[in-house]
file work-v2.csv (CSV, C-alpha atoms)
chain,number,residue,atom,x,y,z
A,444,MET,CA,69.4,-20.6,16.3
A,445,LYS,CA,66.4,-20.4,14.0
A,446,LYS,CA,67.7,-23.4,12.1
A,447,ASP,CA,68.1,-25.3,15.4
A,448,ARG,CA,64.5,-24.3,16.4
A,449,ARG,CA,63.1,-25.5,13.1
A,450,GLY,CA,65.1,-28.7,13.4
A,451,ARG,CA,63.6,-29.3,16.8
A,452,GLN,CA,60.1,-28.5,15.6
A,453,ALA,CA,60.5,-31.1,12.8
A,454,SER,CA,62.0,-33.8,14.8
A,455,SER,CA,59.5,-33.4,17.7
A,456,ALA,CA,56.6,-33.3,15.3
A,457,HIS,CA,57.9,-36.3,13.4
A,458,ARG,CA,58.1,-38.4,16.6
A,459,VAL,CA,54.5,-37.6,17.4
A,460,TYR,CA,52.8,-37.8,14.0
A,461,ARG,CA,54.7,-40.8,12.7
A,462,GLU,CA,53.0,-43.2,15.3
A,463,ALA,CA,50.3,-45.5,14.1
A,464,ALA,CA,48.8,-45.5,17.6
A,465,ALA,CA,47.3,-42.1,16.8
A,466,LEU,CA,44.8,-43.9,14.6
A,467,GLY,CA,43.2,-45.2,17.8
A,468,ALA,CA,42.0,-41.6,18.5
A,469,ALA,CA,40.5,-41.2,15.0
A,470,ALA,CA,36.9,-41.4,16.2
A,471,TYR,CA,37.7,-39.3,19.3
A,472,ALA,CA,38.9,-36.5,17.0
A,473,ILE,CA,36.0,-36.8,14.6
A,474,LEU,CA,33.4,-36.6,17.4
A,475,LEU,CA,35.0,-33.5,18.8
A,476,GLN,CA,35.1,-31.9,15.4
A,477,ILE,CA,31.4,-32.6,14.5
A,478,ALA,CA,30.3,-31.5,18.0
A,479,LEU,CA,31.0,-27.9,16.8
A,480,PRO,CA,27.7,-27.1,15.0
A,481,GLY,CA,29.3,-25.5,11.9
A,482,VAL,CA,31.6,-28.5,11.3
A,483,GLY,CA,28.8,-31.0,12.0
A,484,GLN,CA,26.3,-29.4,9.7
A,485,GLY,CA,29.0,-29.1,6.9
A,486,VAL,CA,29.8,-32.7,7.3
A,487,ARG,CA,26.1,-33.6,7.2
A,488,ASP,CA,25.3,-31.6,4.1
A,489,HIS,CA,28.4,-32.2,2.0
A,490,SER,CA,30.1,-35.5,3.1
A,491,ASP,CA,29.3,-39.2,3.1
A,492,PHE,CA,32.4,-40.0,5.3
A,493,ALA,CA,30.2,-41.8,7.9
A,494,GLN,CA,29.4,-44.3,5.2
A,495,ARG,CA,33.0,-44.4,4.0
A,496,PRO,CA,35.1,-44.0,7.2
A,497,VAL,CA,38.2,-45.7,5.7
A,498,ASP,CA,38.3,-43.3,2.8
A,499,ARG,CA,37.8,-40.3,5.1
A,500,LEU,CA,40.6,-41.7,7.4
A,501,ARG,CA,42.9,-42.1,4.4
A,502,GLY,CA,42.2,-38.5,3.3
A,503,THR,CA,43.0,-37.2,6.7
A,504,LEU,CA,46.2,-39.1,6.9
A,505,VAL,CA,47.3,-37.9,3.5
A,506,PHE,CA,46.7,-34.4,4.7
A,507,VAL,CA,48.6,-34.8,8.1
A,508,TYR,CA,51.4,-36.8,6.7
A,509,GLY,CA,51.8,-34.6,3.6
A,510,LEU,CA,52.1,-31.4,5.7
A,511,VAL,CA,54.4,-32.9,8.4
A,512,PHE,CA,56.6,-35.2,6.4
A,513,GLY,CA,56.3,-34.0,2.8
A,514,THR,CA,58.5,-31.6,0.8
A,515,GLU,CA,57.2,-28.0,0.5
A,516,GLU,CA,55.8,-28.9,-3.0
A,517,GLU,CA,54.1,-32.0,-1.7
A,518,ALA,CA,52.6,-30.2,1.3
A,519,GLU,CA,51.3,-27.4,-0.9
A,520,ARG,CA,49.8,-29.9,-3.4
A,521,VAL,CA,48.0,-31.7,-0.6
A,522,ALA,CA,46.7,-28.5,1.0
A,523,GLY,CA,45.6,-27.2,-2.4
A,524,ILE,CA,43.5,-30.2,-3.0
A,525,VAL,CA,41.7,-29.7,0.4
A,526,ARG,CA,41.3,-26.0,-0.2
A,527,ARG,CA,39.6,-26.7,-3.5
A,528,VAL,CA,37.2,-29.2,-2.0
A,529,HIS,CA,36.4,-26.8,0.9
A,530,THR,CA,35.3,-24.0,-1.5
A,531,HIS,CA,32.1,-26.0,-2.1
A,532,VAL,CA,31.4,-26.6,1.6
A,533,VAL,CA,29.2,-23.7,2.3
A,534,GLY,CA,25.7,-23.6,3.7
A,535,PRO,CA,23.3,-21.7,6.0
A,536,GLY,CA,25.4,-20.5,8.9
A,537,TYR,CA,28.7,-22.2,8.0
A,538,SER,CA,31.6,-22.3,5.6
A,539,ALA,CA,34.6,-24.6,5.5
A,540,GLN,CA,36.7,-21.4,5.0
A,541,ASP,CA,35.6,-20.0,8.3
A,542,PRO,CA,38.8,-19.5,10.4
A,543,ASP,CA,37.0,-20.4,13.6
A,544,LEU,CA,36.1,-23.8,12.2
A,545,GLN,CA,39.5,-24.3,10.6
A,546,VAL,CA,41.2,-23.6,13.9
A,547,TRP,CA,38.9,-26.1,15.8
A,548,VAL,CA,39.5,-28.9,13.3
A,549,ALA,CA,43.3,-28.3,13.4
A,550,ALA,CA,43.2,-28.1,17.2
A,551,THR,CA,41.6,-31.6,17.4
A,552,LEU,CA,44.4,-33.0,15.2
A,553,TYR,CA,47.0,-31.6,17.4
A,554,ALA,CA,45.4,-32.3,20.8
A,555,CYS,CA,44.3,-35.8,20.0
A,556,ASN,CA,47.7,-36.9,18.6
A,557,THR,CA,49.6,-35.5,21.6
A,558,ARG,CA,47.1,-37.0,24.0
A,559,VAL,CA,47.6,-40.5,22.7
A,560,HIS,CA,51.3,-40.0,22.4
A,561,GLU,CA,51.6,-39.1,26.1
A,562,LEU,CA,49.3,-41.9,27.2
A,563,LEU,CA,51.6,-44.4,25.5
A,564,PHE,CA,55.1,-42.8,25.8
A,565,GLY,CA,54.7,-40.7,28.9
A,566,PRO,CA,54.7,-36.9,29.3
A,567,MET,CA,56.8,-34.9,26.7
A,568,ALA,CA,59.3,-32.3,27.8
A,569,ALA,CA,57.9,-28.8,27.6
A,570,GLU,CA,60.3,-27.9,24.8
A,571,ASP,CA,59.2,-30.8,22.7
A,572,LYS,CA,55.5,-30.0,23.4
A,573,ASP,CA,56.2,-26.4,22.3
A,574,ALA,CA,57.9,-27.6,19.2
A,575,VAL,CA,55.1,-29.9,18.2
A,576,TYR,CA,52.6,-27.1,18.9
A,577,GLU,CA,54.4,-24.6,16.7
A,578,CYS,CA,54.4,-27.2,13.9
A,579,ALA,CA,50.6,-27.9,14.3
A,580,SER,CA,49.6,-24.4,13.2
A,581,VAL,CA,50.1,-25.6,9.6
A,582,PHE,CA,46.9,-27.7,9.8
A,583,ALA,CA,44.9,-24.5,9.9
A,584,THR,CA,47.1,-22.0,8.0
A,585,SER,CA,47.7,-24.3,5.0
A,586,LEU,CA,44.0,-24.1,4.4
A,587,GLY,CA,44.0,-20.3,4.3
A,588,CYS,CA,43.3,-19.6,8.0
A,589,PRO,CA,45.1,-16.3,9.0
A,590,ARG,CA,48.0,-17.1,11.3
A,591,GLU,CA,46.7,-14.7,14.0
A,592,HIS,CA,43.6,-16.9,14.5
A,593,TRP,CA,45.8,-19.8,15.8
A,594,PRO,CA,46.6,-19.3,19.5
A,595,ALA,CA,50.1,-17.8,19.6
A,596,THR,CA,51.4,-20.0,22.4
A,597,ARG,CA,50.7,-23.4,23.8
A,598,THR,CA,49.5,-21.7,27.0
A,599,GLU,CA,47.0,-19.7,25.0
A,600,PHE,CA,46.0,-22.9,23.2
A,601,GLU,CA,45.4,-24.8,26.4
A,602,ARG,CA,43.0,-22.0,27.5
A,603,TYR,CA,41.3,-22.0,24.1
A,604,TRP,CA,41.0,-25.8,24.2
A,605,ALA,CA,39.6,-25.9,27.7
A,606,ASP,CA,37.0,-23.2,26.9
A,607,MET,CA,35.9,-24.9,23.7
A,608,VAL,CA,35.6,-28.4,25.2
A,609,ALA,CA,33.7,-27.0,28.2
A,610,SER,CA,31.3,-25.2,25.8
A,611,ILE,CA,30.4,-28.3,23.7
A,612,GLU,CA,26.7,-29.2,23.6
A,613,VAL,CA,26.2,-32.1,21.3
A,614,ASN,CA,23.2,-31.6,19.0
A,615,ASP,CA,21.0,-34.0,17.0
A,616,THR,CA,23.1,-33.5,13.8
A,617,ALA,CA,26.3,-34.6,15.5
A,618,ARG,CA,24.5,-37.6,17.1
A,619,ALA,CA,23.1,-38.6,13.7
A,620,ILE,CA,26.6,-38.5,12.1
A,621,ALA,CA,28.1,-40.4,15.0
A,622,ASP,CA,25.4,-43.1,14.7
A,623,ASP,CA,26.1,-43.5,11.0
A,624,LEU,CA,29.8,-43.5,11.7
A,625,PHE,CA,29.6,-46.4,14.2
A,626,HIS,CA,27.3,-48.5,12.1
A,627,PRO,CA,28.9,-48.8,8.6
A,628,ALA,CA,27.6,-51.3,6.1
A,629,ASN,CA,30.8,-53.3,5.8
A,630,PRO,CA,30.9,-55.9,8.6
A,631,VAL,CA,34.7,-55.8,8.9
A,632,VAL,CA,34.7,-52.0,9.2
A,633,ARG,CA,31.8,-52.3,11.6
A,634,ALA,CA,33.9,-54.5,14.0
A,635,LEU,CA,36.7,-52.0,13.8
A,636,MET,CA,34.3,-49.1,14.6
A,637,ARG,CA,33.2,-50.9,17.8
A,638,VAL,CA,36.8,-50.6,19.0
A,639,GLN,CA,36.9,-47.0,17.9
A,640,ARG,CA,33.6,-46.3,19.7
A,641,PHE,CA,35.1,-47.7,23.0
A,642,LEU,CA,38.3,-45.8,22.6
A,643,ALA,CA,36.5,-42.5,21.8
A,644,ALA,CA,34.2,-43.0,24.8
A,645,GLY,CA,37.2,-43.5,27.1
A,646,LEU,CA,39.0,-40.4,25.8
A,647,LEU,CA,36.1,-38.0,25.6
A,648,PRO,CA,35.2,-35.7,28.5
A,649,ALA,CA,32.2,-37.1,30.3
A,650,HIS,CA,29.7,-34.4,29.2
A,651,VAL,CA,30.7,-34.9,25.5
A,652,ARG,CA,30.5,-38.7,25.8
A,653,ASP,CA,27.1,-38.4,27.4
A,654,GLY,CA,26.0,-35.9,24.7
A,655,PHE,CA,26.7,-38.5,22.1
A,656,GLY,CA,24.9,-41.2,24.1
A,657,LEU,CA,28.0,-43.4,24.5
A,658,GLU,CA,27.6,-45.9,27.3
A,659,TRP,CA,30.2,-45.7,30.1
A,660,SER,CA,30.4,-47.2,33.5
A,661,PRO,CA,33.1,-48.0,36.2
A,662,ALA,CA,33.6,-51.4,34.5
A,663,HIS,CA,34.2,-49.7,31.1
A,664,GLN,CA,36.7,-47.3,32.8
A,665,ARG,CA,38.6,-50.3,34.3
A,666,ARG,CA,38.8,-52.0,30.9
A,667,PHE,CA,39.9,-48.8,29.3
A,668,ASP,CA,42.6,-48.2,31.9
A,669,ARG,CA,43.9,-51.8,31.6
A,670,LEU,CA,44.0,-51.4,27.8
A,671,VAL,CA,46.0,-48.2,28.0
A,672,ALA,CA,48.4,-49.8,30.5
A,673,VAL,CA,49.0,-52.8,28.3
A,674,LEU,CA,49.5,-50.7,25.2
A,675,GLY,CA,51.8,-48.4,27.1
A,676,ALA,CA,53.9,-51.4,28.0
A,677,VAL,CA,53.9,-53.1,24.6
A,678,TYR,CA,53.5,-50.5,21.9
A,679,PRO,CA,56.7,-48.4,22.4
A,680,ARG,CA,58.7,-51.7,22.2
A,681,LEU,CA,57.4,-52.6,18.8
A,682,PRO,CA,59.9,-52.1,15.9
A,683,LEU,CA,59.7,-48.5,14.5
A,684,ALA,CA,58.9,-49.9,11.0
A,685,VAL,CA,55.7,-51.4,12.4
A,686,ARG,CA,54.7,-48.3,14.3
A,687,THR,CA,55.2,-46.1,11.2
A,688,LEU,CA,53.6,-48.5,8.7
A,689,PRO,CA,50.5,-46.3,8.0
A,690,ARG,CA,52.6,-43.3,7.4
A,691,ASP,CA,55.0,-45.1,5.1
A,692,TYR,CA,52.1,-46.8,3.2
call {"tool": "encode", "arguments": {"input": "work-v2.csv", "output": "structure tokens"}}
result
Amino acid sequence: MKKDRRGRQASSAHRVYREAAALGAAAYAILLQIALPGVGQGVRDHSDFAQRPVDRLRGTLVFVYGLVFGTEEEAERVAGIVRRVHTHVVGPGYSAQDPDLQVWVAATLYACNTRVHELLFGPMAAEDKDAVYECASVFATSLGCPREHWPATRTEFERYWADMVASIEVNDTARAIADDLFHPANPVVRALMRVQRFLAAGLLPAHVRDGFGLEWSPAHQRRFDRLVAVLGAVYPRLPLAVRTLPRDY
């Protein structure tokens, strides 16, 4: 039975995390992460990812894909690299090794991926959602976060997520990072970031979107809803090799 459960965890998680469509939620996840003051200040003081968003995205993908799809040795090697980098991310009032910050970043990776997956493929069965959730704890624990800090069940996680999102108050540091993120020097990346900005604004809760100063209106909402409807009709019918290209690359 344990083997069957682990098999379901792996297969359900693979179906969610293999999809390239999750990249559409990259800015959505980042804005939620930096909205937590400890994460935002750490990024501001120790990272230039807003000027190098493609490199940051690549690093995040290596982390996620390595943990979900890699062998035990590959997963440990990837996690070890991130742990070593994080030892230097320390400052007044924050540390990258703070379990609360680790849980929040891991939570955004899980919640944003499952949100996009269900938008495009429809609601997952409860058993599959539980399996994906059990697998997601590794995004925190692989970095040294004690297992007991990760909500024990998906029900507990949903309460945690709702409370955390409701408590978000976007500060000036987070807004400055977001402004840099959405205005990179490279003109090609800048065009892509306009798309990311629109998608993030449509996915974020209204109070967080407003906190970042992202413009939104009924017309924006209609365009967003039409885009999601089109993607939901087209994307799942693409060849799997196309949908998994970023992971395989």
call {"tool": "atom_distance", "arguments": {"input": "work-v2.csv", "atom1": "CA of Val631 (chain A)", "atom2": "CA of Leu681 (chain A)"}}
result
25.0 Å
call {"tool": "residues_around", "arguments": {"input": "work-v2.csv", "residues": "Asp653 (chain A)", "least_positions_apart": "6", "cutoff": "10 Å", "atoms": "all atoms listed in the file", "output": "short mmCIF file (atom, residue, chain, number, x, y, z; two decimals) with C-alpha atoms, in the frame of the given file"}}
result
data_model
loop_
_atom_site.label_atom_id
_atom_site.label_comp_id
_atom_site.auth_asym_id
_atom_site.auth_seq_id
_atom_site.Cartn_x
_atom_site.Cartn_y
_atom_site.Cartn_z
CA GLU A 612 26.70 -29.20 23.60
CA VAL A 613 26.20 -32.10 21.30
CA ALA A 644 34.20 -43.00 24.80
CA LEU A 647 36.10 -38.00 25.60
CA TRP A 659 30.20 -45.70 30.10
#
call {"tool": "closest_residue", "arguments": {"input": "work-v2.csv", "among": "A:Ala628, A:Ala463, A:Ala579, A:Ile524", "to": "Ala595 (chain A)", "atoms": "all atoms listed in the file"}}
result
A:Ala579
call {"tool": "atom_distance", "arguments": {"input": "work-v2.csv", "atom1": "CA of Tyr471 (chain A)", "atom2": "CA of Val673 (chain A)"}}
result
19.8 Å
call {"tool": "closest_atom_pairs", "arguments": {"input": "work-v2.csv", "of": "region 526-572 of chain A", "to": "region 492-514 of chain A", "cutoff": "10 Å", "atoms": "only C-alpha atoms", "output": "CSV"}}
result
residue,atom,partner,partner_atom,distance
A:Ala549,CA,A:Val507,CA,9.9
A:Leu552,CA,A:Val507,CA,8.4
A:Tyr553,CA,A:Val507,CA,10.0
call {"tool": "atom_distance", "arguments": {"input": "work-v2.csv", "atom1": "CA of Val548 (chain A)", "atom2": "CA of Gln476 (chain A)"}}
result
5.7 Å
call {"tool": "closest_residue", "arguments": {"input": "work-v2.csv", "among": "A:Ala470, A:Val546, A:Val559, A:Leu586", "to": "Arg526 (chain A)", "atoms": "all atoms listed in the file"}}
result
A:Leu586
call {"tool": "closest_residue", "arguments": {"input": "work-v2.csv", "among": "A:Arg461, A:Leu474, A:Pro535, A:Pro682", "to": "Gly656 (chain A)", "atoms": "all atoms listed in the file"}}
result
A:Leu474
call {"tool": "closest_residue", "arguments": {"input": "work-v2.csv", "among": "A:Pro630, A:Gly523, A:Pro566, A:Pro542", "to": "Arg590 (chain A)", "atoms": "all atoms listed in the file"}}
result
A:Pro542
call {"tool": "closest_residue", "arguments": {"input": "work-v2.csv", "among": "A:Ser454, A:Ala472, A:Ala478, A:Glu516", "to": "Ala554 (chain A)", "atoms": "all atoms listed in the file"}}
result
A:Ala472
call {"tool": "closest_residue", "arguments": {"input": "work-v2.csv", "among": "A:Asp541, A:Leu688, A:Ala522, A:Phe625", "to": "Ile473 (chain A)", "atoms": "all atoms listed in the file"}}
result
A:Phe625
call {"tool": "residues_around", "arguments": {"input": "work-v2.csv", "residues": "Gly565 (chain A)", "least_positions_apart": "4", "cutoff": "9 Å", "atoms": "all atoms listed in the file", "output": "VMD selection string"}}
result
chain A and resid 560 to 561 675
call {"tool": "residues_around", "arguments": {"input": "work-v2.csv", "residues": "Pro648 (chain A)", "least_positions_apart": "4", "cutoff": "10 Å", "atoms": "only C-alpha atoms", "output": "list in words"}}
result
Leu475, Val608, Ala609, Ala643, Ala644, Arg652, Asp653 and Gly654 of chain A
call {"tool": "write_last_selection", "arguments": {"input": "work-v2.csv", "atoms": "C-alpha atoms", "output": "compact mmCIF listing (two decimals), in the coordinates of the input"}}
result
# COMPACT_ATOMS: atom_id res chain seq x y z
CA LEU A 475 35.00 -33.50 18.80
CA VAL A 608 35.60 -28.40 25.20
CA ALA A 609 33.70 -27.00 28.20
CA ALA A 643 36.50 -42.50 21.80
CA ALA A 644 34.20 -43.00 24.80
CA ARG A 652 30.50 -38.70 25.80
CA ASP A 653 27.10 -38.40 27.40
CA GLY A 654 26.00 -35.90 24.70
call {"tool": "residues_near_point", "arguments": {"input": "work-v2.csv", "point": "(27.0, -28.7, 7.6)", "cutoff": "10 Å", "atoms": "all atoms listed in the file", "output": "list in words"}}
result
Ile477, Pro480, Gly481, Val482, Gly483, Gln484, Gly485, Val486, Arg487, Asp488, His489, Ser490, Val532, Val533, Gly534, Pro535, Gly536, Tyr537, Ser538, Ala539, Thr616 and Ala617 of chain A
